[in-house]
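For reference, the structure discussed in these notes is given below.
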Amino acid sequence: MLQSPTYLRTFGPIGDRVAALGWSLLIISSVVVLVVSVLVLAGVWRRGTRSFAPVERAGGGLRWIVIGGIVVPTVILVVVFVLTMVTQAAVASPATAPGLTVRVTGHQWWWEVQYLDPSPDRIATTANEIHIPVGRPVRIEVAAGDVIHSFWVPELAGKTDLIPGQTNVTWVQADHPGVYRGQCAEYCGLQHAKMAMSVVAEPPAAFDEWLARQRQPAAPPSEPDLKAGAAVFAGSACALCHTIRGTMAVGRIGPDLTHLAGRRTIAAGTLPNTRGYLAGWIANPQALKPGTVMPAVPLESTELQVLITYLQSLN
Amino acid sequence: MAATAPPAAPTPPLHERLLRIWETPPGLFGILGTVDHKKIGKRYLVTAFAFMLAGGLEAAVMRAQLTAPNQRLLSPETYNQLFSMHGITMIFLYASPILSGFSNYIWPLMLGSRDMAFPRLNALSYWLFLFSGLFIYSSFLVGQAPDRGWFAYAPLTEGAFSPGLHMDFYALGLLFLTVSTTVGAINFIVTLFKLRAPGMSINRLPIFIWGTLTTSFAVLFAMPSLTAACIMLYFDRRFGMHFFDAAGGGHPLLWQHLFWIFGHPWVYIVVLPAMGIMSDMIPTFCRRPLVGYTFVALATVSTGILGFGVWVHHMFATGLPDLSTDFFSAASMVITIPSAVAVFAWLATIWHGRPVLRTPFLFAAGFIVLFVIGGVSGVATAAVPFDRQLTDTYFVVAHLHYVLVGINVFPVIAGFYYWLPKMTGRMLNERLGRWNFWTMFLGFNLGFFPMHIAGLLGMPRRIYTYPAGLGWGTVNLVTSIGAYVFAVGVVLFLVNVLWSIRRGPPAGPNPWDAPTLEWATTSPPPAYNFEVLPSIGSRHPLWEDRLAEGAARSVLDRGPALDEGRETLGITPLDAEPSEILTMPEDSLYPFLLALSLLVTFYGLLTSVWALAIAGGVLVLAMTVGWLWPGPEPEAA
């Protein structure tokens with residue numbers, strides 16, 4: 001239970017305010033349900049019979065409607081509405097202007113992540129894993145590459161839809177280091193279920209280091225195995241769809257793999273990023289995530305081994 | 001014999017003369033040509049219930065897949081088709097048509113009339129409903145059932161992202177169905193204004209009538225939006241237009257606005273008549289009039305109107321400006337008030353009455369609790385920032401099932417226990433009824449309450465599987481168990497109905513000692529409903545001697561017999577003064593043939609066989625002409 005990405009136990013200013021609103025609503029709701037249920041049960045208990053009594057019009061009763069149906073609900077709703085507005089105002093924008101903008105583009109079924117920068121060669125591109133500095137607000141621009149998706153990291157903030165034809169803007173902030181699971185929340189087709197991601201909140205220094213590394217192209221392969229692996233990548237279907245910055249591979253259909261080895265998962269949070277899963281994913285992606293755009297790449301066993309060695313070197 | 005025979009040719013007794021006029025002849029013509037609202041109503045009930053069983057089966061299979069993490073029972077293709085068809089079936093082919101069934105059967109009886117205003121349109125709306133439902137379900141035969149959800153958000157539904165016929169079945173099938181729903185709504189509205197019993201002024205209408213009336217007006221205003229959206233979707237898919245294609249100058253949010261401008265009023269369309277059933281039934285079992293009749297009638301109408309101002313609460317995460325989301329947030333909270341009024345009217349009726357704990361009342365009491373749970377979780381989704389966490393999670397799945405099962409299915413089952421004796425003349429089994437109630441009530445709560453928790457634990461909707469280690473396994477297992485218990489409850493209900501039809505004790509005209517007019521005639525009612533048309537002196541025609549509400553008295557045993565042809569009495573719309581004698585149409589095959597021609601047209605549009613579509617269109621025209629061709633009307637005067 002404790003590992004659930006629940007929005008009632010949160011780790012950032014948006015999530016915290018909204019969770020407070022949520023708890024208030026859940027408590028108010030529970031009280032209302034309890035009161036009405038007791039009234040139904042007690043009414044049946046005290047007044048119920050087994051046989052048909054004579055029909056009569058007992059007086060009164062309108063007071064029930066005026067108090068229970070109009071006055072009390074109005075008071076409750078005014079309170080709820082004020083809480084709602086106050087919370088909405090509080091989470092509309094961060095206390096300090098964000099210094100960092102991340103552009104998240106949804107694709108069937110993975111997340112493209114770009115760290116924007118005024119100079120194009122400093123833009124870092126990655127996928128399915130968003131690193132942010134702890135304690136600092138980050139501006140998030142969301143866009144859709146194909147159909148509607150929804151950006152959602154429950155422990156940090158509510159959803160913002162990714163909609164073709166418009167760019168929506170939101171922000172997140174994590175106050176504690178950690179890995180927060182996110183998942184696409186708008187039905188986006190066959191593999192909507194397997195379109196997850198994670199937000200990794202780390203101390204600012206570690207984050208700066210990470211971002212600096214992401215901006216770099218891949219290191220040229222030095223050892224023979226790695227060179228062989230790079231050759232397999234360049235010579236097979238891989239390079240048609242994927243980019244490894246610093247090489248000839250500039251495909252844009254699949255995730256940027258320049259620093260693949262640093263990521264925790266592959267296939268949008270579907271599989272752990274280990275040698276075995278990488279091999280399985282490359283050899284038969286349709287078995288692991290039926291319908292994924294990634295085709296099976298027919299490779300000799302030795303080719304596959306050096307390819308994976310190369311991919312695992314992309315730090 | 002000759003000696004005892006009366007001198008003149010005997011006039012057969014009134015009921016025989018009326019039967020000769022009104023009864024549908026047996027045989028194929030009678031089956032396909034009947035315009036009797038009672039037969040049509042029963043067909044609606046049976047057909048809609050059958051669709052509900054189909055939708056339930058789809059849900060049962062899905063629940064098996066979700067019982068544990070990483071199950072491989074269903075492929076994602078199959079799962080996506082099942083959850084889409086489950087929604088389409090329950091929303092479009094069950095929830096609204098089942099209420100049309102009750103309304104069709106009960107309205108003329110409750111209003112003291114001999115039929116609906118347009119009996120042939122009534123037959124047409126049934127055939128259109130049946131054929132559009134079969135059209136949508138025929139998608140399974142080619143393995144291409146709709147797979148983009150009942151809400152079908154563009155651009156996922158556009159040709160580029162949804163090849164095949166899946167969503168053509170959806171767009172055309174719903175377009176087809178909207179004709180049926182619109183025709184039905186017009187019929188109810190005109191029936192209300194023209195065919196009430198004399199004296200039944202609007203302050204004497206049963207709340208069920210208010211519910212269906214409000215719903216019918218809402219249909220007229222909500223449907224065009226869905227119709228437009230479906231036509232646009234079909235044009236985008238088939239002719240490469242760009243209504244929802246951002247790259248071509250369209251916009252995906254256009255679909256969402258059009259869909260929810262229809263979709264949210266539709267929620268009230270499928271609950272208001274059901275709430276009306278409850279508002280009329282609870283007083284019967286509490287042995288007193290409804291507390292706050294006027295409040296409840298006004299609440300019904302205002303819910304129908306306010307229902308048009310809340311659609312954006314489905315779109316809080318789409319990036320609309322705060323000002324507009326706040327407006328719709330406020331509207332979505334205000335709409336709670338009329339519901340609260342109704343709830344406390346029912347509670348007051350219980351507390352100021354003597355509730356009889358028979359099966360229909362058990363369902364009514366359970367319904368109140370489920371209604372409130374569904375209502376408060378609805379308020380949570382109106383709170384914009386919290387909704388952006390809740391939306392598209394299982395919390396919303398829980399909420400909508402509390403609304404649709406709590407406020408539609410429970411009243412519907414209650415309605416069957418209440419009115420089936422009127423329809424068949426036989427009672428249902430009381431003991432089995434209790435088992436039925438408790439199995440459904442406990443099963444439902446066991447199954448659907450944990451969905452709230454799954455949602456709060458961060459589980460999104462519409463996923464065919466989920467990984468282990470997120471804490472979602474246990475709640476899903478419990479949900480699946482509860483869903484199957486609920487299904488057992490539905491089976492118990494079916495068993496009870498079958499038992500009742502074969503062995504049920506005779507019901508008599510008024511087994512519940514209920515106050516409204518449908519209980520003034522025999523069970524089952526004759527083809528002509530009432531031998532003489534009643535006139536009404538109060539809100540509770542069958543209770544008025546005991547209530548002493550005023551000097552006016554309803555007259556049930558004297559009145560116009562109208563035995564010279566298919567005729568019923570027309571009234572002035574507001575005051576319910578008798579104004580004319582209306583000639584009602586004979587049975588006819590044209591409604592059936594017209595609906596069948598339209599089915600041909602839609603298969604032509606589906607397959608792009610334009611010749612077939614045009615041929616169907618010509619047939620539709622021909623059938624319409626034949627329908628309207630002036631025939632040798634039986635001259636009454």
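Residue numbering restarts at 1 in every chain; chains get A, B, ... in the order shown in the structure tokens, and ligands count up from 1 in that same order.
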Polymer residues at most 7 Å from segment 583-596 of chain B, only C-alpha atoms, same-chain spacing of 3 or more positions, as a PyMOL selection string: chain B and resi 32-35+119-120+123-124+127-128+566-568+599-600+620+623-624+627
File of the preceding selection, C-alpha atoms, as an mmCIF file, in the first residue's frame:
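Ended up saving to out-v1.cif:
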```
data_model
loop_
_atom_site.group_PDB
_atom_site.id
_atom_site.type_symbol
_atom_site.label_atom_id
_atom_site.label_comp_id
_atom_site.auth_asym_id
_atom_site.auth_seq_id
_atom_site.Cartn_x
_atom_site.Cartn_y
_atom_site.Cartn_z
ATOM 1 C CA LEU B 32 -44.393 -5.945 -36.484
ATOM 2 C CA GLY B 33 -47.228 -3.480 -36.803
ATOM 3 C CA THR B 34 -48.511 -2.917 -33.277
ATOM 4 C CA VAL B 35 -48.646 0.615 -31.974
ATOM 5 C CA PRO B 119 -48.477 5.772 -31.449
ATOM 6 C CA ARG B 120 -46.775 5.142 -34.774
ATOM 7 C CA ALA B 123 -43.329 2.179 -32.637
ATOM 8 C CA LEU B 124 -40.768 3.893 -34.864
ATOM 9 C CA TRP B 127 -37.543 -0.107 -33.930
ATOM 10 C CA LEU B 128 -34.877 2.570 -34.392
ATOM 11 C CA ARG B 566 -59.580 4.495 -32.055
ATOM 12 C CA GLU B 567 -60.117 7.697 -30.155
ATOM 13 C CA THR B 568 -58.912 9.407 -27.065
ATOM 14 C CA LEU B 599 -30.747 0.461 -41.157
ATOM 15 C CA VAL B 600 -29.988 -0.249 -44.831
ATOM 16 C CA VAL B 620 -36.867 5.823 -46.219
ATOM 17 C CA MET B 623 -41.915 4.577 -46.423
ATOM 18 C CA THR B 624 -42.467 8.101 -45.138
ATOM 19 C CA TRP B 627 -46.921 6.373 -43.811
#
```
Please give the complete set of residues from segment 135-212 of chain A that DSSP, run on the backbone, assigns to strand (DSSP E or B), formatted as a ChimeraX atom specification. /A:138-144,149-153,157-162,168-172,178-183,196-202
Dump C-alpha atoms for the selected residues as an mmCIF file, in the first residue's frame?
```
data_model
loop_
_atom_site.group_PDB
_atom_site.id
_atom_site.type_symbol
_atom_site.label_atom_id
_atom_site.label_comp_id
_atom_site.auth_asym_id
_atom_site.auth_seq_id
_atom_site.Cartn_x
_atom_site.Cartn_y
_atom_site.Cartn_z
ATOM 1 C CA VAL A 138 10.078 23.941 -12.577
ATOM 2 C CA ARG A 139 7.938 25.226 -15.410
ATOM 3 C CA ILE A 140 6.478 22.415 -17.490
ATOM 4 C CA GLU A 141 5.274 22.997 -21.047
ATOM 5 C CA VAL A 142 3.223 20.120 -22.391
ATOM 6 C CA ALA A 143 2.423 19.310 -26.000
ATOM 7 C CA ALA A 144 1.117 16.341 -27.943
ATOM 8 C CA HIS A 149 -2.270 12.454 -23.355
ATOM 9 C CA SER A 150 -2.272 13.749 -19.812
ATOM 10 C CA PHE A 151 0.755 14.618 -17.686
ATOM 11 C CA TRP A 152 0.266 13.402 -14.157
ATOM 12 C CA VAL A 153 2.581 12.838 -11.212
ATOM 13 C CA ALA A 157 0.550 17.792 -8.834
ATOM 14 C CA GLY A 158 -2.705 17.173 -10.660
ATOM 15 C CA LYS A 159 -3.148 16.525 -14.350
ATOM 16 C CA THR A 160 -2.467 18.753 -17.308
ATOM 17 C CA ASP A 161 -3.613 17.485 -20.687
ATOM 18 C CA LEU A 162 -1.312 17.313 -23.685
ATOM 19 C CA ASN A 168 -0.431 23.904 -21.951
ATOM 20 C CA VAL A 169 1.735 25.173 -19.130
ATOM 21 C CA THR A 170 1.938 23.961 -15.549
ATOM 22 C CA TRP A 171 4.619 23.673 -12.898
ATOM 23 C CA VAL A 172 5.900 21.167 -10.379
ATOM 24 C CA GLY A 178 12.914 10.940 -4.409
ATOM 25 C CA VAL A 179 11.547 9.186 -7.470
ATOM 26 C CA TYR A 180 7.897 9.996 -8.141
ATOM 27 C CA ARG A 181 5.902 7.812 -10.476
ATOM 28 C CA GLY A 182 3.830 9.433 -13.183
ATOM 29 C CA GLN A 183 1.484 7.899 -15.690
ATOM 30 C CA ALA A 196 4.484 5.685 -17.369
ATOM 31 C CA MET A 197 7.398 7.931 -16.439
ATOM 32 C CA SER A 198 9.153 9.137 -13.363
ATOM 33 C CA VAL A 199 10.152 12.438 -11.900
ATOM 34 C CA VAL A 200 13.502 12.253 -10.128
ATOM 35 C CA ALA A 201 13.979 15.003 -7.588
ATOM 36 C CA GLU A 202 17.606 15.427 -6.529
#
```
Residues near segment 47-61 of chain B, anyone? I mean within 8 Å using only C-alpha atoms, not counting same-chain ones fewer than 3 positions away, as number ranges by chain. B: 43-44, 64-65, 82-83, 85-87, 89-90, 93-95, 97-98, 130, 483-484, 487
Write out, as a PDB file, in the first residue's frame, the residues just selected, with N, CA and C atoms.
```pdb
ATOM      1  N   ARG B  43     -41.424  -4.083 -24.868  1.00  0.00           N
ATOM      2  CA  ARG B  43     -40.298  -4.389 -25.753  1.00  0.00           C
ATOM      3  C   ARG B  43     -39.078  -3.563 -25.377  1.00  0.00           C
ATOM      4  N   TYR B  44     -39.316  -2.275 -25.092  1.00  0.00           N
ATOM      5  CA  TYR B  44     -38.211  -1.423 -24.654  1.00  0.00           C
ATOM      6  C   TYR B  44     -37.551  -2.022 -23.415  1.00  0.00           C
ATOM      7  N   ALA B  64     -12.275  -9.800 -14.546  1.00  0.00           N
ATOM      8  CA  ALA B  64     -11.381 -10.954 -14.427  1.00  0.00           C
ATOM      9  C   ALA B  64      -9.952 -10.533 -14.780  1.00  0.00           C
ATOM     10  N   GLN B  65      -9.814  -9.727 -15.827  1.00  0.00           N
ATOM     11  CA  GLN B  65      -8.489  -9.267 -16.250  1.00  0.00           C
ATOM     12  C   GLN B  65      -7.832  -8.408 -15.172  1.00  0.00           C
ATOM     13  N   LEU B  82     -13.790  -3.940 -25.101  1.00  0.00           N
ATOM     14  CA  LEU B  82     -14.774  -4.286 -24.064  1.00  0.00           C
ATOM     15  C   LEU B  82     -15.139  -3.074 -23.216  1.00  0.00           C
ATOM     16  N   PHE B  83     -14.117  -2.277 -22.807  1.00  0.00           N
ATOM     17  CA  PHE B  83     -14.498  -1.156 -21.936  1.00  0.00           C
ATOM     18  C   PHE B  83     -15.265  -0.103 -22.728  1.00  0.00           C
ATOM     19  N   MET B  85     -17.303  -0.752 -25.342  1.00  0.00           N
ATOM     20  CA  MET B  85     -18.661  -1.248 -25.576  1.00  0.00           C
ATOM     21  C   MET B  85     -19.460  -1.304 -24.272  1.00  0.00           C
ATOM     22  N   HIS B  86     -18.768  -1.549 -23.146  1.00  0.00           N
ATOM     23  CA  HIS B  86     -19.467  -1.538 -21.860  1.00  0.00           C
ATOM     24  C   HIS B  86     -20.093  -0.163 -21.623  1.00  0.00           C
ATOM     25  N   GLY B  87     -19.306   0.890 -21.843  1.00  0.00           N
ATOM     26  CA  GLY B  87     -19.819   2.242 -21.639  1.00  0.00           C
ATOM     27  C   GLY B  87     -20.922   2.580 -22.625  1.00  0.00           C
ATOM     28  N   THR B  89     -22.866   0.620 -24.272  1.00  0.00           N
ATOM     29  CA  THR B  89     -24.055  -0.184 -24.008  1.00  0.00           C
ATOM     30  C   THR B  89     -24.837   0.361 -22.817  1.00  0.00           C
ATOM     31  N   MET B  90     -24.134   0.556 -21.707  1.00  0.00           N
ATOM     32  CA  MET B  90     -24.844   0.935 -20.489  1.00  0.00           C
ATOM     33  C   MET B  90     -25.431   2.343 -20.615  1.00  0.00           C
ATOM     34  N   LEU B  93     -27.604   2.226 -24.619  1.00  0.00           N
ATOM     35  CA  LEU B  93     -28.535   1.156 -24.988  1.00  0.00           C
ATOM     36  C   LEU B  93     -29.265   0.586 -23.786  1.00  0.00           C
ATOM     37  N   TYR B  94     -28.833   0.944 -22.577  1.00  0.00           N
ATOM     38  CA  TYR B  94     -29.573   0.485 -21.396  1.00  0.00           C
ATOM     39  C   TYR B  94     -30.216   1.651 -20.637  1.00  0.00           C
ATOM     40  N   ALA B  95     -29.382   2.576 -20.134  1.00  0.00           N
ATOM     41  CA  ALA B  95     -29.859   3.508 -19.099  1.00  0.00           C
ATOM     42  C   ALA B  95     -31.023   4.362 -19.553  1.00  0.00           C
ATOM     43  N   PRO B  97     -32.939   3.887 -22.620  1.00  0.00           N
ATOM     44  CA  PRO B  97     -34.070   3.109 -23.159  1.00  0.00           C
ATOM     45  C   PRO B  97     -34.890   2.387 -22.077  1.00  0.00           C
ATOM     46  N   ILE B  98     -34.241   1.949 -20.989  1.00  0.00           N
ATOM     47  CA  ILE B  98     -35.032   1.233 -19.979  1.00  0.00           C
ATOM     48  C   ILE B  98     -36.061   2.188 -19.373  1.00  0.00           C
ATOM     49  N   LEU B 130     -33.887  -0.532 -31.424  1.00  0.00           N
ATOM     50  CA  LEU B 130     -33.454  -1.926 -31.584  1.00  0.00           C
ATOM     51  C   LEU B 130     -32.416  -2.033 -32.702  1.00  0.00           C
ATOM     52  N   ALA B 483     -18.147  -7.248  -7.675  1.00  0.00           N
ATOM     53  CA  ALA B 483     -18.853  -7.156  -8.955  1.00  0.00           C
ATOM     54  C   ALA B 483     -19.560  -8.465  -9.268  1.00  0.00           C
ATOM     55  N   TYR B 484     -18.899  -9.594  -8.938  1.00  0.00           N
ATOM     56  CA  TYR B 484     -19.545 -10.882  -9.217  1.00  0.00           C
ATOM     57  C   TYR B 484     -20.716 -11.133  -8.266  1.00  0.00           C
ATOM     58  N   ALA B 487     -23.479  -9.330  -9.723  1.00  0.00           N
ATOM     59  CA  ALA B 487     -24.011 -10.058 -10.877  1.00  0.00           C
ATOM     60  C   ALA B 487     -24.960 -11.166 -10.422  1.00  0.00           C
TER      61      ALA B 487
END
```
Determine, for each residue of segment 109-157 of chain B having at least one atom at most 12 Å from an atom of segment 451-472 of chain B, the closest pair of atoms and their separation in Å to one decimal, counting only C-alpha atoms; order by chain and ascending number, as a tab-separated table.
```
residue	atom	partner	partner_atom	distance
B:Asp147	CA	B:Arg462	CA	10.8
B:Arg148	CA	B:Arg462	CA	9.9
B:Gly149	CA	B:Arg462	CA	8.4
B:Trp150	CA	B:Arg462	CA	11.2
B:Phe151	CA	B:Arg462	CA	11.7
```
Please produce an output containing C-alpha atoms for each residue in the selection, written as an mmCIF file, in the first residue's frame.
```
data_model
loop_
_atom_site.group_PDB
_atom_site.id
_atom_site.type_symbol
_atom_site.label_atom_id
_atom_site.label_comp_id
_atom_site.auth_asym_id
_atom_site.auth_seq_id
_atom_site.Cartn_x
_atom_site.Cartn_y
_atom_site.Cartn_z
ATOM 1 C CA ASP B 147 -12.352 0.821 -29.039
ATOM 2 C CA ARG B 148 -11.926 4.508 -28.191
ATOM 3 C CA GLY B 149 -14.218 4.669 -25.176
ATOM 4 C CA TRP B 150 -17.821 5.837 -25.043
ATOM 5 C CA PHE B 151 -16.451 9.408 -24.920
#
```
Hey, can you check how far atom CA of Leu41 of chain A sits from atom CA of Leu25 of chain A?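 These atoms are spaced 24.0 Å apart.
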I need the residues in segment 5-207 of chain A that are helix (DSSP H, G or I) according to DSSP; give them as an MDAnalysis selection string. chainID A and resid 13:47 62:92 120:122 192:194 204:207
Residues from the last selection, C-alpha atoms, saved as a PDB file, in the first residue's frame:
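The resulting file, selection.pdb, is shown below:
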```pdb
ATOM      1  CA  PRO A  13       3.645  22.583  -2.627  1.00  0.00           C
ATOM      2  CA  ILE A  14       0.896  21.910  -5.218  1.00  0.00           C
ATOM      3  CA  GLY A  15       0.276  18.393  -4.069  1.00  0.00           C
ATOM      4  CA  ASP A  16       0.270  19.457  -0.403  1.00  0.00           C
ATOM      5  CA  ARG A  17      -2.348  22.187  -0.865  1.00  0.00           C
ATOM      6  CA  VAL A  18      -4.543  19.977  -3.021  1.00  0.00           C
ATOM      7  CA  ALA A  19      -4.209  17.043  -0.633  1.00  0.00           C
ATOM      8  CA  ALA A  20      -5.394  19.326   2.187  1.00  0.00           C
ATOM      9  CA  LEU A  21      -8.411  20.281   0.080  1.00  0.00           C
ATOM     10  CA  GLY A  22      -8.944  16.626  -0.759  1.00  0.00           C
ATOM     11  CA  TRP A  23      -8.880  15.504   2.864  1.00  0.00           C
ATOM     12  CA  SER A  24     -11.348  18.263   3.791  1.00  0.00           C
ATOM     13  CA  LEU A  25     -13.719  17.171   1.032  1.00  0.00           C
ATOM     14  CA  LEU A  26     -13.423  13.512   1.952  1.00  0.00           C
ATOM     15  CA  ILE A  27     -14.158  14.255   5.602  1.00  0.00           C
ATOM     16  CA  ILE A  28     -17.132  16.512   4.806  1.00  0.00           C
ATOM     17  CA  SER A  29     -18.422  13.910   2.342  1.00  0.00           C
ATOM     18  CA  SER A  30     -18.103  11.096   4.841  1.00  0.00           C
ATOM     19  CA  VAL A  31     -20.040  13.066   7.449  1.00  0.00           C
ATOM     20  CA  VAL A  32     -22.837  13.829   4.964  1.00  0.00           C
ATOM     21  CA  VAL A  33     -23.072  10.188   3.885  1.00  0.00           C
ATOM     22  CA  LEU A  34     -23.041   9.044   7.502  1.00  0.00           C
ATOM     23  CA  VAL A  35     -25.798  11.459   8.548  1.00  0.00           C
ATOM     24  CA  VAL A  36     -28.084  10.567   5.644  1.00  0.00           C
ATOM     25  CA  SER A  37     -27.469   6.835   6.076  1.00  0.00           C
ATOM     26  CA  VAL A  38     -28.316   7.076   9.760  1.00  0.00           C
ATOM     27  CA  LEU A  39     -31.468   9.040   8.907  1.00  0.00           C
ATOM     28  CA  VAL A  40     -32.534   6.354   6.424  1.00  0.00           C
ATOM     29  CA  LEU A  41     -31.788   3.488   8.803  1.00  0.00           C
ATOM     30  CA  ALA A  42     -33.300   5.175  11.831  1.00  0.00           C
ATOM     31  CA  GLY A  43     -36.373   6.180   9.839  1.00  0.00           C
ATOM     32  CA  VAL A  44     -36.889   2.629   8.669  1.00  0.00           C
ATOM     33  CA  TRP A  45     -36.160   1.267  12.136  1.00  0.00           C
ATOM     34  CA  ARG A  46     -38.486   3.614  14.005  1.00  0.00           C
ATOM     35  CA  ARG A  47     -41.314   3.994  11.514  1.00  0.00           C
ATOM     36  CA  LEU A  62     -41.336  20.758   5.034  1.00  0.00           C
ATOM     37  CA  ARG A  63     -38.814  21.782   7.667  1.00  0.00           C
ATOM     38  CA  TRP A  64     -36.733  18.766   6.615  1.00  0.00           C
ATOM     39  CA  ILE A  65     -36.501  20.115   3.081  1.00  0.00           C
ATOM     40  CA  VAL A  66     -35.746  23.683   4.096  1.00  0.00           C
ATOM     41  CA  ILE A  67     -33.056  22.752   6.610  1.00  0.00           C
ATOM     42  CA  GLY A  68     -31.638  19.517   5.232  1.00  0.00           C
ATOM     43  CA  GLY A  69     -32.234  20.182   1.552  1.00  0.00           C
ATOM     44  CA  ILE A  70     -31.471  23.883   1.245  1.00  0.00           C
ATOM     45  CA  VAL A  71     -29.851  25.613   4.238  1.00  0.00           C
ATOM     46  CA  VAL A  72     -27.295  23.020   5.333  1.00  0.00           C
ATOM     47  CA  PRO A  73     -26.150  22.072   1.814  1.00  0.00           C
ATOM     48  CA  THR A  74     -25.839  25.742   0.890  1.00  0.00           C
ATOM     49  CA  VAL A  75     -23.607  26.409   3.876  1.00  0.00           C
ATOM     50  CA  ILE A  76     -21.485  23.323   3.125  1.00  0.00           C
ATOM     51  CA  LEU A  77     -21.177  24.199  -0.548  1.00  0.00           C
ATOM     52  CA  VAL A  78     -20.163  27.783   0.155  1.00  0.00           C
ATOM     53  CA  VAL A  79     -17.414  26.495   2.439  1.00  0.00           C
ATOM     54  CA  VAL A  80     -16.322  23.942  -0.165  1.00  0.00           C
ATOM     55  CA  PHE A  81     -16.346  26.527  -2.936  1.00  0.00           C
ATOM     56  CA  VAL A  82     -14.263  28.985  -0.902  1.00  0.00           C
ATOM     57  CA  LEU A  83     -11.766  26.226  -0.056  1.00  0.00           C
ATOM     58  CA  THR A  84     -11.646  25.332  -3.735  1.00  0.00           C
ATOM     59  CA  MET A  85     -10.990  28.890  -4.872  1.00  0.00           C
ATOM     60  CA  VAL A  86      -8.377  29.513  -2.195  1.00  0.00           C
ATOM     61  CA  THR A  87      -6.565  26.305  -3.137  1.00  0.00           C
ATOM     62  CA  GLN A  88      -6.782  27.064  -6.828  1.00  0.00           C
ATOM     63  CA  ALA A  89      -5.299  30.517  -6.313  1.00  0.00           C
ATOM     64  CA  ALA A  90      -2.538  29.087  -4.149  1.00  0.00           C
ATOM     65  CA  VAL A  91      -1.407  26.520  -6.709  1.00  0.00           C
ATOM     66  CA  ALA A  92      -1.881  28.658  -9.811  1.00  0.00           C
ATOM     67  CA  PRO A 120      19.673  25.350 -29.310  1.00  0.00           C
ATOM     68  CA  ASP A 121      22.883  23.394 -28.749  1.00  0.00           C
ATOM     69  CA  ARG A 122      22.292  23.514 -25.010  1.00  0.00           C
ATOM     70  CA  HIS A 192      -2.278   3.666 -22.645  1.00  0.00           C
ATOM     71  CA  ALA A 193      -1.706   1.311 -19.707  1.00  0.00           C
ATOM     72  CA  LYS A 194       2.031   1.206 -20.334  1.00  0.00           C
ATOM     73  CA  PRO A 204      20.365  21.085  -6.886  1.00  0.00           C
ATOM     74  CA  ALA A 205      24.060  20.283  -7.208  1.00  0.00           C
ATOM     75  CA  ALA A 206      23.396  16.733  -8.344  1.00  0.00           C
ATOM     76  CA  PHE A 207      20.719  17.999 -10.694  1.00  0.00           C
TER      77      PHE A 207
END
```
Could you work out how far atom CA of Pro206 of chain B lies from atom CA of Ala551 of chain B, giving the answer in Å with one decimal?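 Going from atom CA of Ala551 of chain B over to atom CA of Pro206 of chain B, I get 19.9 Å.
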Distance criterion (only C-alpha atoms): nearest to chain B out of A:Gly229, A:Pro137, A:Gly262, A:Pro290: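 Using only C-alpha atoms, the shortest distance to chain B belongs to A:Pro290.
For the set B:Gly250, B:Gly133, B:Gly570, B:Gly415, the residue with the smallest atom-to-atom gap to Pro164 of chain A is B:Gly250, counting only C-alpha atoms.
Take atom CA of Asp236 of chain B and atom CA of Leu156 of chain B: the distance between them is 11.9 Å.
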Residues within 6 Å of segment 296-306 of chain A, please, as a short mmCIF file (atom, residue, chain, number, x, y, z; two decimals) with C-alpha atoms, in the first residue's frame. Count only C-alpha atoms; anything in the same chain fewer than 4 positions from it doesn't count.
```cif
data_model
loop_
_atom_site.label_atom_id
_atom_site.label_comp_id
_atom_site.auth_asym_id
_atom_site.auth_seq_id
_atom_site.Cartn_x
_atom_site.Cartn_y
_atom_site.Cartn_z
CA ASP A 225 33.21 -4.09 -28.35
CA GLY A 229 28.03 -2.09 -30.95
CA ALA A 283 14.58 -8.79 -29.81
CA ASN A 284 10.82 -8.86 -29.32
CA PRO A 285 9.21 -5.59 -28.25
#
```
At a cut-off of 9 Å, using only C-alpha atoms, what residues contact segment 243-260 of chain A? Leave out same-chain residues fewer than 5 positions from it and give the result as a PyMOL selection string. chain A and resi 107+110-112+125-128+213-214+216-220+230+233-234+238+266+273+293-294+311-315
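Close contacts of segment 217-230 of chain B, defined as residues with an atom at most 7 Å away when counting only C-alpha atoms, with chain neighbours fewer than 2 positions off set aside, comprise Ala171, Leu175, Thr178, Thr182, Ala185, Leu213, Thr214, Thr215, Met232, Leu233, Tyr234, Trp255, Leu258, Phe259, Ile261, Phe262, Pro265, Ile269 and Gly304 of chain B.
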Test item: residues at most 12 Å from Val296 of chain B, only C-alpha atoms, excluding those fewer than 2 positions along its chain, as a ChimeraX atom specification: /A:62,65-66,69 /B:203,205-208,210-211,272,275-276,278-280,290-294,298-303,337-346,349
